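Undergrad: The structure is given below, and queries will be raised subsequently.
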Amino acid sequence: PLKLLLLGGTGVGKSTFINAIAKAEVSAPSHSIRAHTSRFIIYAHERWKQMIDAGDLSASWGDELHSLSDFYYHQVHSLDALWLIDAPDIDSIAQEHHSRVSTALSQVDLPIWVTSPQKYRDLINVKMLGLIDQRRPTLAVINQMDTIDEGDRDILLLDAQEFIKEIGLIDVSWFMTSCAQQEVILYSKELVRFRAYLSQHLTQQVSERIRSLRLAQHFNEALDILSYPLEAQEQQRAFHDWITTVKQVFIPLTKRVIKRQYQASIRAQTLQTK
């Protein structure tokens with residue numbers, strides 16, 4: 001699954017944001033009454049339940065994190081490839097929350113910072129966002145935008161972007177939302193844009209994993225070739241064919257990775273110039 005870690009303090013509307021993404025009540029208020037405990041709440045499609053119960057996905061989440069997680073299953077088809085992971089509240093005084101969230105960041109595919117106009121500059125955000133690799137793609141969601149005047153929204157976004165730049169994150173995509181019922185239509189375009197970003201990221205992740213599996217298969221084939229007592233000429237031909245295949249798969253993939261890193265750097269420089 002594509003694992004998304006939602007970071008945010010209390011009262012920023014993470015539950016309503018999750019429901020807005022799903023277009024269904026996936027996250028119930030009772031789920032978040034855990035009152036600042038150190039547990040993760042994971043919203044996953046029911047198709048993952050059997051594998052999770054059997055422990056087949058321990059490598060992708062980890063036994064320690066699994067023991068600290070509560071799973072809630074849904075039937076929303078559009079989210080069947082995603083895990084929405086609500087992290088422990090980062091404004092809790094419990095120090096173990098920070099270390100556990102740091103461990104979770106190493107296991108997830110995409111961190112999502114959910115905040116509000118009132119809390120985005122809270123000091124605790126500096127410590128928590130500082131755990132994220134500065135070059136790592138990150139999503140920033142300013143929720144509850146209905147709580148401020150429309151004329152102040154652009155100013156707030158610029159100030160929030162300046163705050164993130166001070167922390168050092170350079171590859172951040174921004175979304176301004178409100179999940180209050182009377183404001184959903186006004187911010188529906190932002191939610192659509194958010195879903196489109198997730199869809200694109202998921203497609204890219206699947207493609208890269210397929211390429212990685214193919215590359216691993218080619219390496220295994222090479223080991224098999226070298227393990228058999230072939231004639232020297234046959235062994236040389238087989239190894240040459242394998243090298244050709246690796247060049248066709250690995251080099252283009254490497255170029256694409258470098259290109260994406262370069263494009264991310266250009267975007268960051270452009271934002272800094274603006």
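Chains: A, B, ... in order of the structure tokens. Residues: from 1 per chain. Ligands: from 1, in order shown.
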DSSP says helix (DSSP H, G or I) for which residues of region 32-140 of chain A? Put them as a PyMOL selection string?
TA: chain A and resi 32+46-54+58-61+63-67+77-79+95-105+123-129
Undergrad: From the set A:Asp149, A:Asp80, A:Asp122, A:Asp133, which residue has the shortest atom-to-atom contact distance to Asp171 (chain A), counting only C-alpha atoms?
TA: A:Asp133
Undergrad: What residues in region 22-113 of chain A get the DSSP label strand (DSSP E)? Please answer as a PyMOL selection string.
TA: chain A and resi 40-45+69-74+82-86+110-113
Undergrad: Let me make sure I understand: among A:Trp83, A:Phe40, A:Phe163, A:Phe71, which one has the smallest atom-to-atom distance to Leu198 (chain A) if we use only C-alpha atoms?
TA: A:Trp83
Undergrad: Just the residues within 7 Å of Leu2 (chain A), please, counting only C-alpha atoms, with nothing from its chain fewer than 3 positions along; format it as a list in words.
TA: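 That gives Ala81, Leu82, Trp83, Asp109 and Leu202 of chain A.
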Undergrad: What does the file look like for those residues with N, CA and C atoms, as an mmCIF file, in the first residue's frame?
TA:
```cif
data_model
loop_
_atom_site.group_PDB
_atom_site.id
_atom_site.type_symbol
_atom_site.label_atom_id
_atom_site.label_comp_id
_atom_site.auth_asym_id
_atom_site.auth_seq_id
_atom_site.Cartn_x
_atom_site.Cartn_y
_atom_site.Cartn_z
ATOM 1 N N ALA A 81 -5.860 1.415 -2.248
ATOM 2 C CA ALA A 81 -4.404 1.247 -2.320
ATOM 3 C C ALA A 81 -3.668 2.108 -1.298
ATOM 4 N N LEU A 82 -4.412 2.817 -0.441
ATOM 5 C CA LEU A 82 -3.804 3.756 0.500
ATOM 6 C C LEU A 82 -3.999 3.313 1.940
ATOM 7 N N TRP A 83 -2.997 3.624 2.758
ATOM 8 C CA TRP A 83 -3.168 3.608 4.209
ATOM 9 C C TRP A 83 -3.087 5.056 4.682
ATOM 10 N N ASP A 109 5.451 6.407 2.791
ATOM 11 C CA ASP A 109 5.797 6.906 1.464
ATOM 12 C C ASP A 109 5.686 8.417 1.370
ATOM 13 N N LEU A 202 0.848 7.614 -6.489
ATOM 14 C CA LEU A 202 0.663 6.172 -6.402
ATOM 15 C C LEU A 202 1.082 5.491 -7.692
#
```
Undergrad: Determine the nearest neighbour of Ser69 (chain A) from the options A:Phe17, A:Tyr120, A:Trp113, A:Tyr43, counting only C-alpha atoms.
TA: A:Tyr43
Undergrad: Counting only C-alpha atoms, figure out which residue out of A:Ser99, A:Ser199, A:Ser173, A:Gln144 gets nearest to Ser15 (chain A).
TA: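 The shortest atom-to-atom distance to Ser15 (chain A) comes from A:Gln144.
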Undergrad: Between CA of Asn143 (chain A) and CA of Val114 (chain A), what is the distance, to one decimal in Å?
TA: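 For CA of Asn143 (chain A) relative to CA of Val114 (chain A), the distance reads 6.7 Å.
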